[in-house]
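*Asks:* What follows is coords35.pdb; its format and atoms are PDB, C-alpha atoms.
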MODEL        1
ATOM      1  CA  MET A 255     147.141 119.080 143.489
ATOM      2  CA  THR A 256     147.102 115.320 143.915
ATOM      3  CA  VAL A 257     148.007 112.746 141.271
ATOM      4  CA  GLU A 258     144.299 111.938 140.749
ATOM      5  CA  GLU A 259     143.369 115.618 140.312
ATOM      6  CA  SER A 260     146.232 116.092 137.870
ATOM      7  CA  ILE A 261     145.186 113.156 135.674
ATOM      8  CA  LEU A 262     141.592 114.436 135.600
ATOM      9  CA  ARG A 263     142.824 117.885 134.586
ATOM     10  CA  ILE A 264     144.927 116.424 131.761
ATOM     11  CA  ARG A 265     141.835 114.515 130.515
ATOM     12  CA  ARG A 266     139.744 117.687 130.478
ATOM     13  CA  GLN A 267     142.298 120.044 128.902
ATOM     14  CA  GLY A 268     144.754 117.817 127.046
ATOM     15  CA  PHE A 269     142.788 117.233 123.841
ATOM     16  CA  ASP A 270     143.813 120.596 122.305
ATOM     17  CA  LYS A 271     147.386 120.705 123.663
ATOM     18  CA  GLU A 272     150.480 120.172 121.532
ATOM     19  CA  THR A 273     151.947 117.734 124.043
ATOM     20  CA  ILE A 274     150.613 116.218 127.265
ATOM     21  CA  TYR A 275     153.436 113.871 128.212
ATOM     22  CA  THR A 276     155.529 116.581 129.866
ATOM     23  CA  CYS A 277     153.650 118.699 132.412
ATOM     24  CA  TYR A 278     154.963 121.829 134.118
ATOM     25  CA  VAL A 279     154.121 122.759 137.680
ATOM     26  CA  THR A 280     153.499 126.461 138.257
ATOM     27  CA  LYS A 281     152.267 128.774 140.987
ATOM     28  CA  ASP A 282     151.154 132.257 140.013
ATOM     29  CA  ARG A 283     152.658 131.421 136.585
ATOM     30  CA  LYS A 284     156.122 130.898 138.117
ATOM     31  CA  LEU A 285     157.780 127.646 137.063
ATOM     32  CA  LEU A 286     158.355 125.364 140.063
ATOM     33  CA  GLY A 287     158.885 121.884 138.693
ATOM     34  CA  ILE A 288     158.251 119.267 136.054
ATOM     35  CA  VAL A 289     156.343 115.982 136.093
ATOM     36  CA  THR A 290     155.612 113.480 133.339
ATOM     37  CA  VAL A 291     152.461 111.473 132.637
ATOM     38  CA  LYS A 292     154.541 108.368 133.359
ATOM     39  CA  ASP A 293     155.232 109.727 136.867
ATOM     40  CA  LEU A 294     151.512 110.249 137.407
ATOM     41  CA  LEU A 295     150.465 106.815 136.146
ATOM     42  CA  LEU A 296     153.106 104.989 138.198
ATOM     43  CA  ALA A 297     152.533 106.933 141.414
ATOM     44  CA  GLU A 298     151.888 104.580 144.374
ATOM     45  CA  ASP A 299     148.894 106.536 145.647
ATOM     46  CA  ASP A 300     146.306 108.686 143.860
ATOM     47  CA  GLU A 301     146.447 111.083 146.810
ATOM     48  CA  THR A 302     150.188 111.694 146.405
ATOM     49  CA  LEU A 303     150.892 115.408 146.043
ATOM     50  CA  ILE A 304     152.558 116.666 142.895
ATOM     51  CA  GLU A 305     155.197 118.515 144.945
ATOM     52  CA  ASP A 306     156.341 115.152 146.303
ATOM     53  CA  ILE A 307     157.078 113.614 142.879
ATOM     54  CA  MET A 308     157.985 116.589 140.691
ATOM     55  CA  LEU A 309     161.535 117.395 139.618
ATOM     56  CA  THR A 310     162.682 120.871 140.602
ATOM     57  CA  ASN A 311     166.041 120.893 138.812
ATOM     58  CA  ILE A 312     164.655 122.258 135.549
ATOM     59  CA  ILE A 313     166.483 123.275 132.402
ATOM     60  CA  SER A 314     164.576 126.126 130.795
ATOM     61  CA  VAL A 315     165.135 128.802 128.178
ATOM     62  CA  THR A 316     164.139 132.447 128.113
ATOM     63  CA  THR A 317     162.235 134.367 125.483
ATOM     64  CA  HIS A 318     165.561 135.897 124.349
ATOM     65  CA  THR A 319     167.484 132.610 123.948
ATOM     66  CA  ASP A 320     168.806 132.063 120.429
ATOM     67  CA  GLN A 321     166.841 129.381 118.582
ATOM     68  CA  GLU A 322     170.058 127.560 117.616
ATOM     69  CA  GLU A 323     171.040 127.293 121.280
ATOM     70  CA  VAL A 324     167.603 125.847 122.079
ATOM     71  CA  ALA A 325     168.066 123.250 119.337
ATOM     72  CA  HIS A 326     171.445 122.278 120.854
ATOM     73  CA  LEU A 327     169.757 121.679 124.234
ATOM     74  CA  PHE A 328     167.314 119.251 122.610
ATOM     75  CA  ALA A 329     170.190 117.399 120.966
ATOM     76  CA  LYS A 330     172.259 117.349 124.170
ATOM     77  CA  TYR A 331     169.582 116.220 126.634
ATOM     78  CA  ASN A 332     167.095 114.396 124.348
ATOM     79  CA  PHE A 333     164.184 116.524 125.565
ATOM     80  CA  LEU A 334     160.682 116.215 124.159
ATOM     81  CA  ALA A 335     159.864 119.789 125.220
ATOM     82  CA  LEU A 336     161.496 122.773 126.892
ATOM     83  CA  PRO A 337     159.773 125.419 129.042
ATOM     84  CA  VAL A 338     160.129 129.073 128.047
ATOM     85  CA  VAL A 339     160.217 131.608 130.889
ATOM     86  CA  ASP A 340     160.640 135.361 131.220
ATOM     87  CA  LYS A 341     163.108 137.249 133.428
ATOM     88  CA  GLU A 342     160.941 136.599 136.509
ATOM     89  CA  ASN A 343     160.871 132.847 135.786
ATOM     90  CA  ARG A 344     157.216 133.040 134.794
ATOM     91  CA  MET A 345     156.056 130.407 132.323
ATOM     92  CA  VAL A 346     155.214 131.928 128.946
ATOM     93  CA  GLY A 347     155.265 128.887 126.659
ATOM     94  CA  ILE A 348     157.015 125.716 125.531
ATOM     95  CA  VAL A 349     159.191 124.608 122.627
ATOM     96  CA  THR A 350     158.688 121.054 121.396
ATOM     97  CA  PHE A 351     161.061 118.665 119.668
ATOM     98  CA  ASP A 352     159.486 119.148 116.240
ATOM     99  CA  ASP A 353     160.046 122.913 116.581
ATOM    100  CA  ALA A 354     163.713 122.268 117.360
ATOM    101  CA  LEU A 355     164.005 119.898 114.403
ATOM    102  CA  ASP A 356     162.820 122.656 112.053
ATOM    103  CA  VAL A 357     165.443 125.011 113.516
ATOM    104  CA  ILE A 358     168.225 122.419 113.158
ATOM    105  CA  GLU A 359     167.274 121.875 109.509
ATOM    106  CA  GLU A 360     167.171 125.623 108.881
ATOM    107  CA  GLU A 361     170.530 126.280 110.588
ATOM    108  CA  THR A 362     172.214 123.348 108.814
ATOM    109  CA  THR A 363     171.014 124.625 105.442
ATOM    110  CA  GLU A 364     172.300 128.102 106.308
ATOM    111  CA  ASP A 365     175.719 126.737 107.306
ATOM    112  CA  MET A 366     175.980 124.694 104.113
ATOM    113  CA  GLU A 367     175.205 127.765 102.004
ATOM    114  CA  LEU A 368     177.781 129.873 103.845
ATOM    115  CA  MET A 369     180.374 127.105 103.508
ATOM    116  CA  GLY A 370     179.676 127.033  99.785
ATOM    117  CA  GLY A 371     180.289 130.767  99.465
ATOM    118  CA  MET A 372     176.688 131.993  99.290
ATOM    119  CA  LEU A 373     174.451 134.201 101.378
ATOM    120  CA  PRO A 374     171.725 132.205 103.193
ATOM    121  CA  SER A 375     168.404 131.935 101.377
ATOM    122  CA  GLU A 376     165.000 131.996 103.049
ATOM    123  CA  LYS A 377     163.390 129.941 100.295
ATOM    124  CA  THR A 378     163.950 126.464  98.895
ATOM    125  CA  TYR A 379     165.905 126.121  95.675
ATOM    126  CA  LEU A 380     162.909 125.573  93.385
ATOM    127  CA  LYS A 381     160.992 128.457  94.958
ATOM    128  CA  SER A 382     163.923 130.870  94.628
ATOM    129  CA  SER A 383     163.887 133.102  91.549
ATOM    130  CA  ILE A 384     166.919 133.598  89.323
ATOM    131  CA  TRP A 385     167.281 137.119  90.722
ATOM    132  CA  GLU A 386     167.319 135.838  94.314
ATOM    133  CA  LEU A 387     169.937 133.201  93.470
ATOM    134  CA  PHE A 388     172.011 135.891  91.763
ATOM    135  CA  LYS A 389     171.820 138.211  94.812
ATOM    136  CA  ASN A 390     172.835 135.401  97.166
ATOM    137  CA  ARG A 391     175.809 134.307  95.086
ATOM    138  CA  ILE A 392     177.349 137.420  93.545
ATOM    139  CA  PRO A 393     178.660 139.139  96.743
ATOM    140  CA  TRP A 394     180.922 136.221  97.687
ATOM    141  CA  LEU A 395     181.992 135.640  94.080
ATOM    142  CA  MET A 396     182.931 139.314  93.792
ATOM    143  CA  LEU A 397     184.818 139.300  97.092
ATOM    144  CA  LEU A 398     186.736 136.118  96.282
ATOM    145  CA  MET A 399     187.556 137.348  92.789
ATOM    146  CA  LEU A 400     188.990 140.596  94.143
ATOM    147  CA  SER A 401     190.873 138.789  96.914
ATOM    148  CA  ALA A 402     192.619 136.701  94.239
ATOM    149  CA  THR A 403     194.423 139.941  93.352
ATOM    150  CA  PHE A 404     196.867 139.141  96.150
ATOM    151  CA  THR A 405     197.707 135.842  94.462
ATOM    152  CA  GLY A 406     198.383 137.654  91.227
ATOM    153  CA  MET A 407     200.592 140.196  93.008
ATOM    154  CA  ILE A 408     202.696 137.425  94.531
ATOM    155  CA  ILE A 409     203.210 135.723  91.156
ATOM    156  CA  THR A 410     204.098 139.067  89.563
ATOM    157  CA  SER A 411     206.678 139.847  92.255
ATOM    158  CA  PHE A 412     208.438 136.535  91.541
ATOM    159  CA  GLU A 413     208.393 136.819  87.731
ATOM    160  CA  ASP A 414     212.186 136.741  87.567
ATOM    161  CA  ALA A 415     212.300 133.461  89.499
ATOM    162  CA  LEU A 416     209.733 131.906  87.167
ATOM    163  CA  ALA A 417     211.598 133.153  84.106
ATOM    164  CA  ALA A 418     214.845 131.647  85.397
ATOM    165  CA  GLN A 419     213.248 128.316  86.243
ATOM    166  CA  VAL A 420     210.192 127.827  83.999
ATOM    167  CA  ALA A 421     209.625 124.304  85.328
ATOM    168  CA  LEU A 422     208.360 125.799  88.598
ATOM    169  CA  THR A 423     205.265 127.166  86.857
ATOM    170  CA  ALA A 424     203.805 123.723  86.144
ATOM    171  CA  PHE A 425     203.479 122.859  89.836
ATOM    172  CA  ILE A 426     201.684 126.023  91.013
ATOM    173  CA  PRO A 427     198.129 124.632  90.450
ATOM    174  CA  MET A 428     198.992 121.419  92.312
ATOM    175  CA  LEU A 429     200.373 123.322  95.323
ATOM    176  CA  MET A 430     197.438 125.737  95.489
ATOM    177  CA  GLY A 431     194.885 122.953  95.046
ATOM    178  CA  THR A 432     196.418 120.695  97.695
ATOM    179  CA  GLY A 433     196.744 123.590 100.130
ATOM    180  CA  GLY A 434     193.135 124.657  99.624
ATOM    181  CA  ASN A 435     191.862 121.100 100.052
ATOM    182  CA  SER A 436     193.923 120.631 103.233
ATOM    183  CA  GLY A 437     192.604 123.845 104.741
ATOM    184  CA  SER A 438     189.020 122.959 103.810
ATOM    185  CA  GLN A 439     189.283 119.579 105.541
ATOM    186  CA  SER A 440     190.350 121.181 108.827
ATOM    187  CA  SER A 441     187.851 124.033 108.638
ATOM    188  CA  VAL A 442     184.876 121.747 107.949
ATOM    189  CA  THR A 443     185.873 119.449 110.831
ATOM    190  CA  VAL A 444     186.260 122.345 113.285
ATOM    191  CA  ILE A 445     183.100 124.128 112.108
ATOM    192  CA  ARG A 446     181.066 120.976 112.638
ATOM    193  CA  ALA A 447     182.548 120.501 116.119
ATOM    194  CA  LEU A 448     181.753 124.130 116.973
ATOM    195  CA  SER A 449     178.163 123.791 115.751
ATOM    196  CA  LEU A 450     177.691 120.741 117.993
ATOM    197  CA  ASP A 451     179.230 122.566 120.982
ATOM    198  CA  GLU A 452     182.066 120.043 121.129
ATOM    199  CA  LEU A 453     184.700 122.796 120.965
ATOM    200  CA  LYS A 454     185.263 126.070 122.790
ATOM    201  CA  PHE A 455     187.904 128.729 122.149
ATOM    202  CA  ALA A 456     189.701 127.459 125.252
ATOM    203  CA  ASP A 457     190.336 124.230 123.323
ATOM    204  CA  LEU A 458     192.422 126.083 120.716
ATOM    205  CA  PRO A 459     195.805 124.761 121.999
ATOM    206  CA  LYS A 460     194.498 121.172 121.838
ATOM    207  CA  VAL A 461     193.117 121.747 118.341
ATOM    208  CA  LEU A 462     196.401 123.266 117.169
ATOM    209  CA  TRP A 463     198.489 120.417 118.578
ATOM    210  CA  LYS A 464     196.214 117.825 116.982
ATOM    211  CA  GLU A 465     196.140 119.581 113.598
ATOM    212  CA  ILE A 466     199.910 120.100 113.559
ATOM    213  CA  ARG A 467     200.565 116.388 114.113
ATOM    214  CA  THR A 468     197.916 115.387 111.578
ATOM    215  CA  SER A 469     199.171 117.861 108.988
ATOM    216  CA  VAL A 470     202.796 116.758 109.368
ATOM    217  CA  LEU A 471     201.793 113.141 108.708
ATOM    218  CA  CYS A 472     199.647 114.163 105.726
ATOM    219  CA  GLY A 473     202.377 116.461 104.424
ATOM    220  CA  ILE A 474     205.106 113.821 104.624
ATOM    221  CA  VAL A 475     203.037 111.202 102.789
ATOM    222  CA  LEU A 476     201.934 113.694 100.113
ATOM    223  CA  SER A 477     205.506 114.968  99.654
ATOM    224  CA  ILE A 478     206.909 111.462  99.176
ATOM    225  CA  ALA A 479     204.180 110.640  96.645
ATOM    226  CA  CYS A 480     204.727 113.984  94.918
ATOM    227  CA  PHE A 481     208.514 113.461  94.720
ATOM    228  CA  ALA A 482     208.054 110.077  93.060
ATOM    229  CA  LYS A 483     205.392 111.397  90.685
ATOM    230  CA  ILE A 484     207.466 114.390  89.561
ATOM    231  CA  TRP A 485     210.610 112.323  88.994
ATOM    232  CA  LEU A 486     208.978 109.322  87.328
ATOM    233  CA  VAL A 487     206.246 111.075  85.303
ATOM    234  CA  ASP A 488     207.356 114.669  84.683
ATOM    235  CA  ARG A 489     211.095 113.972  84.410
ATOM    236  CA  MET A 490     211.449 110.449  83.028
ATOM    237  CA  LEU A 491     208.151 109.717  81.248
ATOM    238  CA  MET A 492     207.554 113.202  79.800
ATOM    239  CA  GLY A 493     211.257 113.895  79.318
ATOM    240  CA  ASN A 494     211.314 117.317  80.969
ATOM    241  CA  GLU A 495     215.055 117.915  81.404
ATOM    242  CA  GLU A 496     214.506 121.142  83.357
ATOM    243  CA  ILE A 497     213.248 119.169  86.340
ATOM    244  CA  THR A 498     216.246 118.375  88.513
ATOM    245  CA  LEU A 499     216.400 116.738  91.922
ATOM    246  CA  LEU A 500     216.681 120.190  93.450
ATOM    247  CA  VAL A 501     213.519 121.401  91.674
ATOM    248  CA  ASP A 502     211.738 118.267  92.815
ATOM    249  CA  ALA A 503     212.909 118.902  96.379
ATOM    250  CA  VAL A 504     211.688 122.523  96.270
ATOM    251  CA  VAL A 505     208.202 121.449  95.192
ATOM    252  CA  CYS A 506     207.961 118.715  97.842
ATOM    253  CA  LEU A 507     209.266 120.893 100.700
ATOM    254  CA  ALA A 508     206.845 123.643  99.708
ATOM    255  CA  LEU A 509     204.045 121.083  99.622
ATOM    256  CA  LEU A 510     204.868 119.854 103.138
ATOM    257  CA  VAL A 511     204.938 123.368 104.629
ATOM    258  CA  THR A 512     201.803 124.379 102.697
ATOM    259  CA  VAL A 513     199.789 121.435 104.038
ATOM    260  CA  VAL A 514     200.841 122.196 107.628
ATOM    261  CA  ALA A 515     200.090 125.920 107.276
ATOM    262  CA  ALA A 516     196.762 125.269 105.539
ATOM    263  CA  LYS A 517     195.490 122.921 108.218
ATOM    264  CA  ILE A 518     196.477 125.352 110.984
ATOM    265  CA  VAL A 519     194.730 128.240 109.221
ATOM    266  CA  GLY A 520     191.689 126.077 108.523
ATOM    267  CA  ALA A 521     191.389 125.122 112.186
ATOM    268  CA  VAL A 522     192.093 128.525 113.750
ATOM    269  CA  LEU A 523     189.955 130.873 111.647
ATOM    270  CA  PRO A 524     186.551 129.278 112.443
ATOM    271  CA  MET A 525     187.352 129.366 116.179
ATOM    272  CA  VAL A 526     188.376 133.030 115.967
ATOM    273  CA  ALA A 527     185.165 133.765 114.049
ATOM    274  CA  LYS A 528     183.144 132.194 116.857
ATOM    275  CA  VAL A 529     184.823 134.450 119.428
ATOM    276  CA  VAL A 530     184.093 137.640 117.470
ATOM    277  CA  LYS A 531     180.434 136.606 117.071
ATOM    278  CA  LEU A 532     180.638 135.624 113.405
ATOM    279  CA  ASP A 533     179.212 132.413 111.987
ATOM    280  CA  PRO A 534     182.181 129.989 111.766
ATOM    281  CA  ALA A 535     180.744 128.664 108.498
ATOM    282  CA  VAL A 536     181.828 131.948 106.871
ATOM    283  CA  MET A 537     185.418 130.742 107.282
ATOM    284  CA  ALA A 538     184.845 127.607 105.226
ATOM    285  CA  SER A 539     186.165 126.473 101.875
ATOM    286  CA  PRO A 540     186.097 129.621  99.661
ATOM    287  CA  PHE A 541     187.600 131.973 102.242
ATOM    288  CA  ILE A 542     190.184 129.479 103.508
ATOM    289  CA  THR A 543     191.197 128.543  99.955
ATOM    290  CA  THR A 544     191.872 132.175  99.030
ATOM    291  CA  ILE A 545     194.148 132.673 102.046
ATOM    292  CA  VAL A 546     195.949 129.370 101.554
ATOM    293  CA  ASP A 547     196.536 130.082  97.851
ATOM    294  CA  ALA A 548     198.539 133.159  98.775
ATOM    295  CA  LEU A 549     200.421 131.310 101.541
ATOM    296  CA  SER A 550     201.313 128.390  99.272
ATOM    297  CA  LEU A 551     202.766 130.695  96.618
ATOM    298  CA  LEU A 552     204.828 132.608  99.177
ATOM    299  CA  VAL A 553     206.227 129.396 100.620
ATOM    300  CA  TYR A 554     206.914 127.972  97.152
ATOM    301  CA  PHE A 555     208.821 130.968  95.851
ATOM    302  CA  LEU A 556     210.769 131.452  99.076
ATOM    303  CA  PHE A 557     212.020 127.846  98.884
ATOM    304  CA  ALA A 558     212.838 128.382  95.211
ATOM    305  CA  LYS A 559     214.898 131.492  95.974
ATOM    306  CA  MET A 560     216.752 129.809  98.832
ATOM    307  CA  LEU A 561     217.535 126.466  97.194
ATOM    308  CA  LEU A 562     217.644 127.293  93.488
ATOM    309  CA  LYS A 563     219.152 130.781  93.895
ATOM    310  CA  VAL A 564     216.744 132.228  91.340
TER     311      VAL A 564
ENDMDL
END
Written as structure tokens, how would this file's structure read?
*Replies:*
Amino acid sequence: MTVEESILRIRRQGFDKETIYTCYVTKDRKLLGIVTVKDLLLAEDDETLIEDIMLTNIISVTTHTDQEEVAHLFAKYNFLALPVVDKENRMVGIVTFDDALDVIEEETTEDMELMGGMLPSEKTYLKSSIWELFKNRIPWLMLLMLSATFTGMIITSFEDALAAQVALTAFIPMLMGTGGNSGSQSSVTVIRALSLDELKFADLPKVLWKEIRTSVLCGIVLSIACFAKIWLVDRMLMGNEEITLLVDAVVCLALLVTVVAAKIVGAVLPMVAKVVKLDPAVMASPFITTIVDALSLLVYFLFAKMLLKV
């Protein structure tokens, strides 16, 4: 077809089409190229053939392409539409930007729910019944509650150490909370990068090296602040004579190691999940926090046994 014939065809058939700006060139339904209305309007001659101005290097998707992957292509290349083809490269339809936007919104909502420790919901909050909210929330709550058994087992196994140095008990919530927060920061950052296709599993060494350096800096600053707080507030202001310099050192060393370990775990688990075909969002805050709680207690009590001889 010529440019003139193409414009006439768009005028006749375009009124009921979802989009007319992007036009696909086919022969026997097979996708050959792409041309825009701008190309047609700015063509030097009305008799110019479409094959002379069309682009043949086409990015397309198949009928079996995951909708999230299609949405990523729109974000990456700023497309207005994408052609959908079958295994024989025959044109079977198009996906437009507004379709992709709906998918992005749906996938983002799903990731946020998983990161919050809930099963994804197909309905909006106000349209979801109490029973549906219960079903979406209780599995993760049950799993996380049972997984906390490991934390209890660790505390029980170090009862003698706690009995010998009661002051250690007061700092357990602070260690577990800081560790969980540190792991959550790394996991959310990595999960977001994975969802935007900024990271691949091959980037794991780079991620580890970056997180280790970041966590060491965070750990050092937090440990210094913690040392001063324990000595000035807990020891001097509150008059707790059981807190010695050695106890203070144990807490701060445990805090440093916990922050480093938490950030490594928070960065690695989402990338491993991606490799084994799980949604990385599953490895977000609740799951990471449970693992880091157990790690922080182990580190804490091991330092206590080594330095305090309890």
*Asks:* Tell me, in Å to one decimal, how far atom CA of Asp320 of chain A is from atom CA of Val357 of chain A.
*Replies:*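 Taking atom CA of Asp320 of chain A and atom CA of Val357 of chain A, their separation equals 10.4 Å.
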*Asks:* Measure the distance from atom CA of Lys559 of chain A to atom CA of Phe425 of chain A in Å and round it to one decimal.
*Replies:*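 Result for atom CA of Lys559 of chain A versus atom CA of Phe425 of chain A: 15.6 Å, one decimal.
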*Asks:* Report as a short mmCIF file (atom, residue, chain, number, x, y, z; two decimals) with C-alpha atoms, in the coordinates of the input the full result of the PyMOL selection byres ((chain A and resi 453-463) around 8) when it is applied to this structure.
*Replies:*
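Generated file (result-v4.cif):
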data_model
loop_
_atom_site.label_atom_id
_atom_site.label_comp_id
_atom_site.auth_asym_id
_atom_site.auth_seq_id
_atom_site.Cartn_x
_atom_site.Cartn_y
_atom_site.Cartn_z
CA VAL A 444 186.26 122.34 113.28
CA ALA A 447 182.55 120.50 116.12
CA LEU A 448 181.75 124.13 116.97
CA LEU A 450 177.69 120.74 117.99
CA ASP A 451 179.23 122.57 120.98
CA GLU A 452 182.07 120.04 121.13
CA LYS A 464 196.21 117.82 116.98
CA GLU A 465 196.14 119.58 113.60
CA ILE A 466 199.91 120.10 113.56
CA ARG A 467 200.56 116.39 114.11
CA ILE A 518 196.48 125.35 110.98
CA ALA A 521 191.39 125.12 112.19
CA VAL A 522 192.09 128.52 113.75
CA MET A 525 187.35 129.37 116.18
CA VAL A 526 188.38 133.03 115.97
CA LYS A 528 183.14 132.19 116.86
CA VAL A 529 184.82 134.45 119.43
#
*Asks:* Do a neighbour search on Thr498 of chain A at 12 Å with only C-alpha atoms, toss out local chain neighbours closer than 6 positions, and write the hits as a ChimeraX atom specification.
*Replies:* /A:419,421-422,481,484-486,488-490,504-505,561-562
*Asks:* Using Å and a single decimal, report how far atom CA of Leu398 of chain A sits from atom CA of Ser440 of chain A.
*Replies:*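 Value for the atom CA of Ser440 of chain A-atom CA of Leu398 of chain A distance: 19.8 Å.
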*Asks:* Taking all atoms listed in the file into account, which of A:Thr432, A:Thr310, A:Ser438, A:Ser449 comes nearest Glu323 of chain A?
*Replies:*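 Smallest distance to Glu323 of chain A is found for A:Ser449.
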*Asks:* To verify the selection step, state as an MDAnalysis selection string which residues the PyMOL selection byres ((chain A and resi 327) around 12) yields on this input.
*Replies:* chainID A and resid 313:315 319:326 328:337 349:351 354:355 358 450:451
*Asks:* Between A:Leu262, A:Leu551, A:Ile497, A:Leu397, which one has atoms that come closest to Asp300 of chain A, using only C-alpha atoms?
*Replies:*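 Closest candidate: A:Leu262.
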*Asks:* Taking into account only C-alpha atoms, which residue in the set A:Val338, A:Leu380, A:Ile542, A:Cys277 is nearest to Val289 of chain A?
*Replies:*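 Ranking A:Val338, A:Leu380, A:Ile542, A:Cys277 by distance to Val289 of chain A, first place goes to A:Cys277.
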*Asks:* Nearest to Ser411 of chain A: which of A:Met255, A:Leu552, A:Asn390, A:Arg263 is it, counting all atoms listed in the file?
*Replies:*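 Comparing A:Met255, A:Leu552, A:Asn390, A:Arg263 against Ser411 of chain A, the winner is A:Leu552.
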*Asks:* Given 5 Å on each side, where is the centre and what are the edge lengths in Å to one decimal of the axis-aligned box enclosing the listed atoms of segment 346-363 of chain A, as JSON?
*Replies:*
{"center_x": 163.7, "center_y": 125.3, "center_z": 117.2, "size_x": 27.0, "size_y": 23.3, "size_z": 33.5}
*Asks:* Pick out the closest residue to Lys341 of chain A from this set: A:Val513, A:Ile274, A:Leu285, A:Leu429. Count only C-alpha atoms.
*Replies:* A:Leu285
